[in-house]
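Below is the file coords.tsv, which contains TSV, C-alpha atoms and all ligand atoms.
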chain	number	residue	atom	x	y	z
A	1231	MET	CA	0.00	0.00	0.00
A	1232	THR	CA	1.31	3.44	-0.88
A	1233	GLU	CA	2.03	5.60	2.16
A	1234	PRO	CA	1.82	9.41	2.19
A	1235	LEU	CA	4.79	11.77	2.59
A	1236	GLN	CA	7.45	9.53	1.06
A	1237	ALA	CA	11.01	10.57	0.25
A	1238	THR	CA	12.05	10.65	-3.40
A	1239	ARG	CA	15.17	8.70	-4.33
A	1240	LEU	CA	17.78	10.69	-6.24
A	1241	SER	CA	20.40	7.93	-6.02
A	1242	ASP	CA	21.19	4.95	-3.80
A	1243	ARG	CA	22.33	7.27	-1.06
A	1244	VAL	CA	20.60	10.61	-1.71
A	1245	TYR	CA	16.91	11.32	-1.14
A	1246	TRP	CA	14.72	14.40	-1.46
A	1247	VAL	CA	12.93	14.84	1.87
A	1248	GLY	CA	11.52	18.36	1.51
A	1249	ALA	CA	8.02	19.80	1.57
A	1250	ILE	CA	5.56	21.00	-1.05
A	1251	ASP	CA	3.76	24.28	-0.33
A	1252	TRP	CA	0.91	24.20	-2.83
A	1253	GLY	CA	-0.90	27.22	-1.40
A	1254	VAL	CA	1.70	29.92	-0.86
A	1255	ARG	CA	1.06	32.97	-3.05
A	1256	ASP	CA	3.25	35.60	-1.42
A	1257	PHE	CA	6.98	35.26	-0.98
A	1258	HIS	CA	8.07	38.61	0.45
A	1259	GLY	CA	6.13	40.55	-2.17
A	1260	TYR	CA	6.56	38.07	-5.03
A	1261	LEU	CA	3.37	36.42	-6.33
A	1262	THR	CA	4.14	32.70	-6.26
A	1263	THR	CA	1.30	31.73	-8.57
A	1264	ARG	CA	2.35	28.08	-8.74
A	1265	GLY	CA	3.28	27.63	-5.06
A	1266	THR	CA	6.73	26.37	-4.12
A	1267	THR	CA	8.77	23.61	-2.55
A	1268	TYR	CA	11.27	23.80	0.28
A	1269	ASN	CA	13.84	21.16	-0.59
A	1270	ALA	CA	15.85	19.21	1.93
A	1271	TYR	CA	18.07	16.27	1.07
A	1272	LEU	CA	19.20	13.23	3.00
A	1273	ILE	CA	22.59	11.60	2.37
A	1274	LEU	CA	22.93	8.03	3.56
A	1275	ALA	CA	26.66	7.91	4.22
A	1276	ASP	CA	28.42	6.51	7.30
A	1277	LYS	CA	27.53	9.84	8.84
A	1278	ILE	CA	23.90	10.29	7.85
A	1279	THR	CA	23.54	13.90	6.78
A	1280	LEU	CA	20.61	16.22	6.20
A	1281	ILE	CA	21.15	19.13	3.79
A	1282	ASP	CA	18.93	22.02	4.91
A	1283	THR	CA	15.50	21.87	6.47
A	1284	VAL	CA	12.21	23.53	5.47
A	1285	LYS	CA	9.94	26.43	6.43
A	1286	ALA	CA	8.78	26.03	10.04
A	1287	PRO	CA	5.16	24.89	9.42
A	1288	PHE	CA	6.46	22.07	7.21
A	1289	GLY	CA	8.87	20.50	9.71
A	1290	ARG	CA	6.58	17.54	10.40
A	1291	GLU	CA	6.16	16.87	6.67
A	1292	MET	CA	9.94	16.72	6.26
A	1293	LEU	CA	10.40	14.46	9.28
A	1294	HIS	CA	7.73	12.09	7.90
A	1295	ARG	CA	9.56	11.91	4.57
A	1296	ILE	CA	12.86	11.23	6.36
A	1297	ALA	CA	11.13	8.51	8.38
A	1298	SER	CA	10.13	6.80	5.13
A	1299	VAL	CA	13.86	6.09	4.61
A	1300	ILE	CA	15.52	6.02	8.05
A	1301	ASP	CA	14.78	6.77	11.68
A	1302	PRO	CA	15.28	10.58	11.88
A	1303	GLY	CA	17.05	10.02	15.20
A	1304	THR	CA	19.94	8.41	13.29
A	1305	ILE	CA	20.86	11.67	11.51
A	1306	ASP	CA	24.43	12.53	12.46
A	1307	TYR	CA	25.06	15.83	10.67
A	1308	ILE	CA	22.94	18.72	9.44
A	1309	ILE	CA	24.27	21.21	6.88
A	1310	SER	CA	22.53	24.60	6.62
A	1311	ASN	CA	23.37	26.05	3.21
A	1312	HIS	CA	21.30	29.19	3.85
A	1313	SER	CA	19.81	30.72	6.97
A	1314	GLU	CA	16.71	32.31	5.39
A	1315	MET	CA	13.69	30.96	7.24
A	1316	ASP	CA	12.20	29.09	4.28
A	1317	HIS	CA	15.13	26.69	4.74
A	1318	SER	CA	16.02	27.08	8.39
A	1319	GLY	CA	12.62	27.63	10.01
A	1320	ALA	CA	12.31	23.99	11.04
A	1321	LEU	CA	15.97	23.70	12.10
A	1322	PRO	CA	15.42	24.30	15.85
A	1323	GLU	CA	12.63	21.70	15.94
A	1324	VAL	CA	14.71	19.20	13.97
A	1325	ILE	CA	17.79	19.72	16.14
A	1326	ALA	CA	15.67	19.24	19.28
A	1327	GLU	CA	14.11	16.06	17.94
A	1328	VAL	CA	17.05	14.48	16.11
A	1329	LYS	CA	19.88	15.63	18.38
A	1330	PRO	CA	22.50	15.52	15.63
A	1331	GLU	CA	26.13	15.10	16.53
A	1332	ARG	CA	27.16	18.21	14.55
A	1333	VAL	CA	25.50	21.07	12.63
A	1334	PHE	CA	27.39	23.10	10.03
A	1335	ALA	CA	26.87	26.40	8.22
A	1336	SER	CA	29.04	29.03	6.57
A	1337	PRO	CA	30.68	31.50	8.99
A	1338	ARG	CA	27.98	34.06	8.27
A	1339	GLY	CA	25.37	31.33	8.49
A	1340	VAL	CA	26.56	30.51	12.00
A	1341	GLU	CA	26.05	34.14	12.97
A	1342	ALA	CA	22.65	34.41	11.26
A	1343	LEU	CA	21.31	31.20	12.82
A	1344	ALA	CA	22.48	32.36	16.24
A	1345	ARG	CA	20.59	35.63	15.73
A	1346	HIS	CA	17.47	34.06	14.27
A	1347	PHE	CA	17.04	31.16	16.63
A	1348	HIS	CA	19.62	31.65	19.41
A	1349	LEU	CA	21.19	28.38	18.29
A	1350	ASP	CA	24.66	27.78	19.73
A	1351	GLY	CA	27.22	25.19	18.81
A	1352	ILE	CA	26.84	25.37	15.04
A	1353	GLU	CA	30.23	24.85	13.40
A	1354	ALA	CA	31.52	27.00	10.56
A	1355	VAL	CA	32.69	25.52	7.26
A	1356	LYS	CA	34.49	27.85	4.91
A	1357	GLU	CA	35.20	28.13	1.22
A	1358	GLY	CA	37.24	25.12	0.15
A	1359	ASP	CA	36.65	23.13	3.35
A	1360	SER	CA	35.64	19.52	3.04
A	1361	LEU	CA	33.84	17.28	5.48
A	1362	SER	CA	34.20	13.51	5.60
A	1363	LEU	CA	31.00	11.55	6.06
A	1364	GLY	CA	33.04	8.33	6.16
A	1365	SER	CA	31.78	6.75	2.97
A	1366	ALA	CA	31.36	10.11	1.19
A	1367	THR	CA	32.84	13.60	1.32
A	1368	LEU	CA	31.23	17.03	1.12
A	1369	ALA	CA	32.94	20.18	-0.12
A	1370	PHE	CA	31.71	23.73	0.43
A	1371	VAL	CA	31.66	26.76	-1.86
A	1372	GLU	CA	30.67	30.08	-0.32
A	1373	THR	CA	28.26	31.99	-2.55
A	1374	PRO	CA	27.62	35.21	-0.61
A	1375	MET	CA	24.51	37.14	-1.68
A	1376	LEU	CA	23.13	34.22	-3.63
A	1377	HIS	CA	20.82	35.00	-2.03
A	1378	TRP	CA	21.93	36.17	1.43
A	1379	PRO	CA	25.44	36.87	2.77
A	1380	ASP	CA	25.59	33.42	4.37
A	1381	SER	CA	24.62	31.36	1.32
A	1382	MET	CA	26.79	28.46	0.23
A	1383	PHE	CA	26.74	25.48	-2.09
A	1384	THR	CA	27.52	21.97	-0.86
A	1385	TYR	CA	29.08	19.54	-3.32
A	1386	LEU	CA	28.91	15.76	-3.04
A	1387	ALA	CA	31.70	14.62	-5.34
A	1388	ASP	CA	30.84	10.94	-4.84
A	1389	GLU	CA	27.52	11.56	-6.65
A	1390	ARG	CA	28.71	14.52	-8.78
A	1391	LEU	CA	25.80	16.36	-7.16
A	1392	LEU	CA	25.67	20.07	-6.32
A	1393	PHE	CA	23.27	21.26	-3.62
A	1394	SER	CA	22.90	24.82	-4.91
A	1395	SER	CA	20.63	26.41	-2.29
A	1396	ASP	CA	18.56	29.23	-3.84
A	1397	ALA	CA	20.52	29.23	-7.12
A	1398	PHE	CA	18.97	27.45	-10.11
A	1399	GLY	CA	15.69	27.06	-8.24
A	1400	MET	CA	12.18	28.34	-8.76
A	1401	HIS	CA	8.90	28.68	-6.93
A	1402	LEU	CA	7.03	25.75	-8.43
A	1403	ALA	CA	4.95	23.22	-6.52
A	1404	THR	CA	4.68	19.98	-8.48
A	1405	SER	CA	4.27	16.31	-7.80
A	1406	GLU	CA	7.26	15.76	-10.09
A	1407	ARG	CA	10.66	16.10	-8.45
A	1408	PHE	CA	12.85	16.27	-11.56
A	1409	ALA	CA	13.09	19.03	-14.15
A	1410	ASP	CA	13.04	16.55	-17.04
A	1411	GLU	CA	9.53	15.51	-15.98
A	1412	ILE	CA	8.14	19.06	-16.33
A	1413	ASP	CA	7.33	21.16	-19.41
A	1414	ASP	CA	10.44	23.22	-20.12
A	1415	SER	CA	8.43	26.36	-20.94
A	1416	ILE	CA	7.15	26.29	-17.34
A	1417	LEU	CA	10.68	25.77	-16.02
A	1418	GLU	CA	12.02	28.63	-18.11
A	1419	TYR	CA	9.22	31.01	-17.09
A	1420	GLU	CA	9.31	30.17	-13.38
A	1421	GLY	CA	13.13	30.17	-13.36
A	1422	ALA	CA	13.10	33.61	-14.98
A	1423	LYS	CA	10.46	34.85	-12.54
A	1424	TYR	CA	12.57	33.65	-9.62
A	1425	PHE	CA	15.70	35.28	-11.03
A	1426	ALA	CA	13.90	38.55	-11.83
A	1427	ASN	CA	12.31	38.88	-8.41
A	1428	ILE	CA	15.03	37.49	-6.16
A	1429	LEU	CA	18.40	37.64	-7.87
A	1430	LEU	CA	18.22	40.48	-10.39
A	1431	PRO	CA	19.87	43.09	-8.14
A	1432	LEU	CA	22.73	40.63	-7.68
A	1433	SER	CA	23.30	40.03	-11.39
A	1434	ASN	CA	26.95	41.12	-11.33
A	1435	LEU	CA	27.62	38.80	-8.42
A	1436	VAL	CA	25.81	35.96	-10.17
A	1437	THR	CA	28.09	36.40	-13.17
A	1438	ARG	CA	31.17	36.36	-10.97
A	1439	LEU	CA	29.97	33.35	-8.95
A	1440	LEU	CA	29.18	31.38	-12.11
A	1441	ASP	CA	32.70	32.17	-13.23
A	1442	LYS	CA	34.15	31.10	-9.87
A	1443	VAL	CA	32.21	27.84	-9.77
A	1444	GLY	CA	33.15	27.19	-13.41
A	1445	LYS	CA	36.85	27.55	-12.56
A	1446	LEU	CA	36.51	24.96	-9.79
A	1447	ASN	CA	35.92	22.42	-12.57
A	1448	LEU	CA	33.51	20.42	-10.46
A	1449	ALA	CA	32.10	17.41	-12.26
A	1450	ILE	CA	28.36	17.99	-11.96
A	1451	ASP	CA	25.78	15.48	-13.14
A	1452	ALA	CA	22.91	16.90	-11.11
A	1453	ILE	CA	21.93	20.17	-9.43
A	1454	ALA	CA	19.67	20.00	-6.41
A	1455	PRO	CA	18.38	23.48	-5.56
A	1456	SER	CA	16.38	24.52	-2.52
A	1457	HIS	CA	13.20	25.32	-4.46
A	1458	GLY	CA	11.58	23.55	-7.39
A	1459	PRO	CA	12.77	20.48	-9.27
A	1460	VAL	CA	16.14	18.74	-9.32
A	1461	TRP	CA	18.15	19.03	-12.54
A	1462	ARG	CA	19.51	15.54	-13.33
A	1463	LYS	CA	19.79	15.89	-17.13
A	1464	ASP	CA	21.64	18.62	-19.02
A	1465	VAL	CA	22.62	20.71	-16.00
A	1466	GLY	CA	23.98	23.24	-18.50
A	1467	VAL	CA	20.41	24.47	-19.11
A	1468	PRO	CA	19.90	26.32	-15.81
A	1469	VAL	CA	23.52	27.49	-15.79
A	1470	ARG	CA	23.23	28.97	-19.29
A	1471	ARG	CA	19.92	30.61	-18.38
A	1472	TYR	CA	21.49	32.23	-15.34
A	1473	GLY	CA	24.33	33.56	-17.48
A	1474	SER	CA	21.86	35.07	-19.93
A	1475	TRP	CA	19.53	36.55	-17.30
A	1476	ALA	CA	22.45	38.03	-15.36
A	1477	ALA	CA	23.80	39.69	-18.53
A	1478	GLN	CA	20.51	41.60	-19.03
A	1479	GLU	CA	21.31	42.35	-22.65
A	1480	ARG	CA	18.97	44.87	-24.27
A	1481	THR	CA	16.35	43.27	-26.50
A	1482	ASN	CA	13.68	44.46	-28.90
A	1483	LYS	CA	10.95	44.01	-26.29
A	1484	ALA	CA	9.11	46.92	-24.68
A	1485	VAL	CA	7.00	46.66	-21.52
A	1486	VAL	CA	4.31	49.32	-21.17
A	1487	VAL	CA	3.06	49.31	-17.60
A	1488	TYR	CA	0.44	51.66	-16.26
A	1489	ASP	CA	-2.66	52.22	-14.21
A	1490	THR	CA	-5.70	54.24	-15.16
A	1491	MET	CA	-8.61	55.99	-13.42
A	1492	TRP	CA	-11.04	56.82	-16.25
A	1493	GLN	CA	-9.29	55.06	-19.19
A	1494	SER	CA	-7.37	58.10	-20.44
A	1495	THR	CA	-3.99	56.67	-19.45
A	1496	ASP	CA	-5.18	53.32	-20.78
A	1497	LEU	CA	-5.90	54.88	-24.20
A	1498	MET	CA	-2.45	56.46	-24.15
A	1499	ALA	CA	-0.80	53.13	-23.28
A	1500	ARG	CA	-2.55	51.41	-26.17
A	1501	ALA	CA	-1.44	54.14	-28.59
A	1502	ILE	CA	2.16	53.89	-27.37
A	1503	GLY	CA	1.92	50.11	-27.80
A	1504	ASP	CA	0.64	50.55	-31.34
A	1505	GLY	CA	3.53	52.89	-32.16
A	1506	LEU	CA	6.04	50.43	-30.75
A	1507	ALA	CA	4.58	47.45	-32.61
A	1508	ALA	CA	4.20	49.32	-35.91
A	1509	SER	CA	7.89	50.16	-35.71
A	1510	GLY	CA	8.96	46.58	-35.09
A	1511	ALA	CA	9.21	46.26	-31.31
A	1512	SER	CA	7.77	43.32	-29.43
A	1513	VAL	CA	5.24	44.84	-27.02
A	1514	LYS	CA	3.78	43.77	-23.69
A	1515	LEU	CA	1.06	45.98	-22.19
A	1516	MET	CA	0.66	45.44	-18.45
A	1517	PRO	CA	-2.23	47.28	-16.77
A	1518	LEU	CA	-1.57	47.22	-13.04
A	1519	LYS	CA	-5.21	46.50	-12.24
A	1520	SER	CA	-4.60	42.98	-13.50
A	1521	CYS	CA	-0.81	42.52	-13.43
A	1522	HIS	CA	1.16	41.90	-10.26
A	1523	ARG	CA	4.43	43.75	-9.68
A	1524	SER	CA	6.36	40.49	-9.73
A	1525	ASP	CA	4.93	39.57	-13.14
A	1526	VAL	CA	6.00	42.99	-14.42
A	1527	ALA	CA	9.51	42.37	-13.05
A	1528	THR	CA	9.57	39.04	-14.90
A	1529	GLU	CA	8.67	40.69	-18.20
A	1530	VAL	CA	11.24	43.45	-17.62
A	1531	LEU	CA	13.99	40.81	-17.19
A	1532	ASP	CA	14.33	40.27	-20.93
A	1533	ALA	CA	13.05	43.67	-22.09
A	1534	GLY	CA	14.92	46.58	-23.63
A	1535	ALA	CA	12.40	49.30	-22.77
A	1536	LEU	CA	10.18	50.12	-19.81
A	1537	ILE	CA	7.48	52.71	-20.43
A	1538	VAL	CA	5.49	53.77	-17.38
A	1539	GLY	CA	2.15	55.57	-17.29
A	1540	SER	CA	0.17	57.02	-14.42
A	1541	PRO	CA	-2.85	59.24	-13.97
A	1542	SER	CA	-2.40	62.02	-11.43
A	1543	LEU	CA	-4.12	61.43	-8.13
A	1544	ASN	CA	-3.99	64.17	-5.50
A	1545	GLY	CA	-1.02	65.73	-7.29
A	1546	GLY	CA	1.07	62.57	-7.51
A	1547	MET	CA	1.49	59.07	-8.90
A	1548	PHE	CA	-1.26	56.51	-8.66
A	1549	PRO	CA	-0.44	54.26	-5.66
A	1550	THR	CA	-0.05	51.08	-7.75
A	1551	VAL	CA	2.51	52.82	-9.98
A	1552	ALA	CA	4.44	54.05	-6.93
A	1553	ASP	CA	4.40	50.49	-5.56
A	1554	LEU	CA	5.74	49.11	-8.83
A	1555	LEU	CA	8.49	51.69	-9.19
A	1556	THR	CA	9.61	51.19	-5.58
A	1557	TYR	CA	9.80	47.44	-6.24
A	1558	LEU	CA	11.60	47.74	-9.57
A	1559	LYS	CA	14.08	50.27	-8.21
A	1560	GLY	CA	15.17	47.71	-5.60
A	1561	LEU	CA	15.65	45.08	-8.30
A	1562	LYS	CA	18.12	47.36	-10.15
A	1563	PRO	CA	17.36	46.38	-13.76
A	1564	ARG	CA	20.12	47.42	-16.18
A	1565	ASN	CA	20.34	48.38	-19.84
A	1566	LEU	CA	16.80	49.73	-20.12
A	1567	ILE	CA	15.54	52.73	-22.02
A	1568	SER	CA	12.44	54.34	-20.68
A	1569	ALA	CA	9.72	57.00	-20.93
A	1570	ALA	CA	6.78	58.29	-18.91
A	1571	PHE	CA	3.24	59.24	-19.80
A	1572	GLY	CA	-0.08	59.94	-18.16
A	1573	SER	CA	-3.25	61.96	-17.93
A	1574	TYR	CA	-4.32	64.55	-15.38
A	1575	GLY	CA	-7.31	66.69	-14.50
A	1576	TRP	CA	-6.00	69.91	-13.02
A	1577	SER	CA	-2.68	70.01	-11.19
A	1578	GLY	CA	-0.93	66.97	-12.74
A	1579	GLY	CA	2.24	65.77	-11.03
A	1580	ALA	CA	2.24	62.02	-11.74
A	1581	VAL	CA	4.36	62.05	-14.88
A	1582	GLU	CA	7.01	64.22	-13.21
A	1583	GLN	CA	7.15	61.78	-10.31
A	1584	VAL	CA	7.37	58.79	-12.65
A	1585	GLU	CA	10.25	60.43	-14.53
A	1586	ALA	CA	12.05	61.19	-11.27
A	1587	ALA	CA	11.64	57.57	-10.15
A	1588	LEU	CA	12.94	56.30	-13.52
A	1589	ARG	CA	15.99	58.59	-13.22
A	1590	GLU	CA	16.65	57.14	-9.78
A	1591	MET	CA	16.62	53.69	-11.40
A	1592	ASN	CA	19.41	54.86	-13.74
A	1593	VAL	CA	17.47	53.97	-16.86
A	1594	GLU	CA	17.94	56.09	-19.98
A	1595	LEU	CA	14.94	58.37	-20.63
A	1596	VAL	CA	14.06	58.64	-24.32
A	1597	GLY	CA	11.88	61.28	-25.98
A	1598	GLU	CA	9.47	63.72	-24.38
A	1599	ALA	CA	7.04	62.46	-21.75
A	1600	VAL	CA	3.45	62.73	-22.93
A	1601	ARG	CA	0.96	64.46	-20.62
A	1602	VAL	CA	-2.70	64.75	-21.49
A	1603	LYS	CA	-5.32	66.88	-19.77
A	1604	TYR	CA	-8.48	64.83	-19.14
A	1605	VAL	CA	-9.09	62.66	-22.24
A	1606	PRO	CA	-6.59	62.23	-25.12
A	1607	ASP	CA	-7.77	63.54	-28.49
A	1608	ALA	CA	-6.51	62.32	-31.87
A	1609	ASP	CA	-3.46	64.62	-31.70
A	1610	ALA	CA	-2.53	63.36	-28.25
A	1611	LEU	CA	-2.87	59.74	-29.35
A	1612	SER	CA	-0.66	60.47	-32.38
A	1613	GLN	CA	1.91	61.90	-29.98
A	1614	CYS	CA	1.73	58.68	-27.95
A	1615	CYS	CA	2.12	56.61	-31.10
A	1616	ALA	CA	5.14	58.70	-32.11
A	1617	LEU	CA	6.73	58.17	-28.69
A	1618	GLY	CA	6.29	54.43	-29.16
A	1619	ALA	CA	7.88	54.60	-32.60
A	1620	GLN	CA	10.80	56.65	-31.25
A	1621	ILE	CA	11.46	54.06	-28.54
A	1622	ALA	CA	11.24	51.19	-31.06
A	1623	GLU	CA	13.76	53.02	-33.25
A	1624	LYS	CA	16.11	53.42	-30.29
A	1625	LEU	CA	15.79	49.71	-29.48
A	1626	ARG	CA	16.99	48.89	-32.98
A	1627	GLN	CA	20.20	50.90	-32.59
A	1701	LIG	FE1	14.87	30.29	-0.48
A	1701	LIG	FE2	16.89	32.98	0.22
A	1701	LIG	O1	15.69	31.59	0.60

Using structure tokens, write down the structure that the file contains.
Amino acid sequence: MTEPLQATRLSDRVYWVGAIDWGVRDFHGYLTTRGTTYNAYLILADKITLIDTVKAPFGREMLHRIASVIDPGTIDYIISNHSEMDHSGALPEVIAEVKPERVFASPRGVEALARHFHLDGIEAVKEGDSLSLGSATLAFVETPMLHWPDSMFTYLADERLLFSSDAFGMHLATSERFADEIDDSILEYEGAKYFANILLPLSNLVTRLLDKVGKLNLAIDAIAPSHGPVWRKDVGVPVRRYGSWAAQERTNKAVVVYDTMWQSTDLMARAIGDGLAASGASVKLMPLKSCHRSDVATEVLDAGALIVGSPSLNGGMFPTVADLLTYLKGLKPRNLISAAFGSYGWSGGAVEQVEAALREMNVELVGEAVRVKYVPDADALSQCCALGAQIAEKLRQ
């Protein structure tokens, strides 16, 4: 009879023992439309070792999965690759229950876990350190800011398996545990969404870390991240995608994002979109009444232009536009050209604030912002169309 909450075998000695969070829809501001997984892995070496834990409410689920393979009380070592609570939340409960002989984290992980949970006695492993498990050996690669200062990779040479923490993962709850069992268009989209919303501001570091890990010449047959499926075939796919996303090369795609009160700014957005498309750009219109900020960030990841529209409300930006620009500014997108537009009734003010926010994001403003009093007439819509064409022209250069 099939039992619930089973581990998934990755190899004779490695098992996935994490948790599936089908219902989560908010991950610190990021809309996780497809839920997520918190991955933990069990290594059955002489020293039985658990790599990471899960978010606190899922501790029991993980312990049940471990119990489908071994008695959790036989775990000797726990490795914490990353102290963020989606991976460490259950650590205090697991330590109390399992009473492992030793717990390891990076030096900054030791500090973070002490501050989060007042856990003492965690031992630091540094860049280049290795740890014998008797019948297997772990090596550690510090990957600071991927995605917190404490983050590290753990490498199991005996299985040519890299436990990559947040890197190469995605928020995707599935019954399948391996990437090759899932439609690649879903993997690409959710991987991009994860990168855009979590790692984009760290793009330069990602490039350098990929370079560093590449120079280590680790033989890697599989990548086991902390979220989403395990890559056991063609591990070059996620690595190449990270290289491309981190490069943020300018493309022919323009994202027009806006909100509207009485459809004037909406009419302007559509005219700008028409001008862009007629001049050869690939266009994505994203009205903020129906598009979440994290979906906008995902579309911006591979865009060359970001055009932002807002009606004026009480002399300033519409709140949804301010929310978006605050979010995008923190993500530090590079290599974008940009423009602002919007309608107003009497005092205006929104377009000026949008332009100021875009300047703070260090994007290149192109053309003249278009402002329309009340409802755009044919001339105003032609002006919008011309702005779109001007941006499309610039994208071709
Ligand atoms: Fe999945 Fe940075 O935690």

- Do you know which residues are within 6 Å of ligand LIG 1701 (chain A) using all atoms listed in the file? Can you write them as JSON, numbers by chain? {"A": [1314, 1316, 1377, 1396]}

Export of the given selection (C-alpha atoms) as a compact mmCIF listing (two decimals), keeping the file's coordinate frame:
# COMPACT_ATOMS: atom_id res chain seq x y z
CA GLU A 1314 16.71 32.31 5.39
CA ASP A 1316 12.20 29.09 4.28
CA HIS A 1377 20.82 35.00 -2.03
CA ASP A 1396 18.56 29.23 -3.84

- At what distance in Å, to one decimal, does atom CA of A:Gln1236 lie from atom CA of A:Ser1298?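 Pair atom CA of A:Ser1298 / atom CA of A:Gln1236 returns 5.6 Å.
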
- Note on the structure: Using only C-alpha atoms, the shortest atom-to-atom distance to A:Glu1323 among A:Leu1566, A:Val1605, A:Ala1286, A:Ala1422 belongs to A:Ala1286

- Task: Around the point (21.0, 28.6, 0.5) in the file's coordinates, collect all residues with an atom within 7 Å, using all atoms listed in the file, and return them as a list in words.
- Result: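 Those residues, ordered by chain and then number, are Asn1311, His1312, Ser1313, His1377, Ser1381, Met1382, Ser1394, Ser1395, Asp1396 and Ser1456 of chain A.
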
- Spatial sel., origin (13.1, 44.9, -26.7), limit 7 Å, only C-alpha atoms, listed as a list in words: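 Residues lying no farther than 7 Å from the given point: Arg1480, Thr1481, Asn1482, Lys1483, Ala1484, Ala1511, Ser1512, Ala1533, Gly1534, Ala1535 and Leu1625 of chain A.
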
- Message: Using all atoms listed in the file, can you tell me which of A:Ala1569, A:Ile1308, A:Ala1580, A:Ala1452 comes closest to A:Asn1544?
- Response: A:Ala1580

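Going from atom CA of A:Trp1475 to atom CA of A:Ser1524 covers 15.7 Å.
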
- Message: Please compute the atom CA of A:Trp1461-atom CA of A:Ser1360 distance, one decimal, in Å.
- Response: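 These two atoms are separated by 23.4 Å.
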
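With all atoms listed in the file as the atoms that count, the minimum distance from A:Glu1357 to the choices A:Gly1575, A:Pro1337, A:Pro1563, A:Gly1458 is reached by A:Pro1337.
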
- Shell around A:Glu1327 at 12 Å using only C-alpha atoms, local window under 4 positions removed, as a PyMOL selection string: chain A and resi 1289-1290+1293+1301-1305+1320-1323

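Using all atoms listed in the file, the nearest neighbour of A:Asp1532 within the list A:Thr1279, A:Pro1549, A:Gly1259, A:Tyr1419 is A:Tyr1419.
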
- Message: With distances taken over all atoms listed in the file, which residue among A:Gly1579, A:Gly1597, A:Gly1545, A:Pro1374 lies nearest A:Glu1623?
- Response: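 Selected residue with least distance to A:Glu1623: A:Gly1597.
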
- Message: For a quick check of understanding, using only C-alpha atoms, which of A:Met1498, A:Ile1567, A:Leu1588, A:Leu1506 has the smallest distance to A:Val1600?
- Response: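 Looking at the shortest contact to A:Val1600, the residue is A:Met1498.
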
- Shell of 9 Å around A:Leu1555, only C-alpha atoms, local chain residues under 3 positions omitted, as a list of chain:residue names: A:Arg1523, A:Val1538, A:Thr1550, A:Val1551, A:Ala1552, A:Leu1558, A:Lys1559, A:Gly1560, A:Val1584, A:Ala1587, A:Leu1588, A:Met1591

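Neighbouring residues of A:Glu1411 at 12 Å or closer, counting all atoms listed in the file and skipping chain neighbours under 6 positions away, are Thr1404, Ser1405, Leu1417, Gly1458, Pro1459, Val1460, Trp1461, Arg1462 and Lys1463 of chain A.
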
- Near A:Thr1490, within 12 Å and counting only C-alpha atoms, which residues show up once chain neighbours fewer than 5 positions away are dropped, as a ChimeraX atom specification? /A:1495-1500,1516-1520,1538-1543,1547-1551,1571-1574,1580,1604-1605

Kindly export the residues of the current selection with C-alpha atoms, as a short mmCIF file (atom, residue, chain, number, x, y, z; two decimals), in the frame of the given file.
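Once written, again28.cif looks like this:
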data_model
loop_
_atom_site.label_atom_id
_atom_site.label_comp_id
_atom_site.auth_asym_id
_atom_site.auth_seq_id
_atom_site.Cartn_x
_atom_site.Cartn_y
_atom_site.Cartn_z
CA THR A 1495 -3.99 56.67 -19.45
CA ASP A 1496 -5.18 53.32 -20.78
CA LEU A 1497 -5.90 54.88 -24.20
CA MET A 1498 -2.45 56.46 -24.15
CA ALA A 1499 -0.80 53.13 -23.28
CA ARG A 1500 -2.55 51.41 -26.17
CA MET A 1516 0.66 45.44 -18.45
CA PRO A 1517 -2.23 47.28 -16.77
CA LEU A 1518 -1.57 47.22 -13.04
CA LYS A 1519 -5.21 46.50 -12.24
CA SER A 1520 -4.60 42.98 -13.50
CA VAL A 1538 5.49 53.77 -17.38
CA GLY A 1539 2.15 55.57 -17.29
CA SER A 1540 0.17 57.02 -14.42
CA PRO A 1541 -2.85 59.24 -13.97
CA SER A 1542 -2.40 62.02 -11.43
CA LEU A 1543 -4.12 61.43 -8.13
CA MET A 1547 1.49 59.07 -8.90
CA PHE A 1548 -1.26 56.51 -8.66
CA PRO A 1549 -0.44 54.26 -5.66
CA THR A 1550 -0.05 51.08 -7.75
CA VAL A 1551 2.51 52.82 -9.98
CA PHE A 1571 3.24 59.24 -19.80
CA GLY A 1572 -0.08 59.94 -18.16
CA SER A 1573 -3.25 61.96 -17.93
CA TYR A 1574 -4.32 64.55 -15.38
CA ALA A 1580 2.24 62.02 -11.74
CA TYR A 1604 -8.48 64.83 -19.14
CA VAL A 1605 -9.09 62.66 -22.24
#
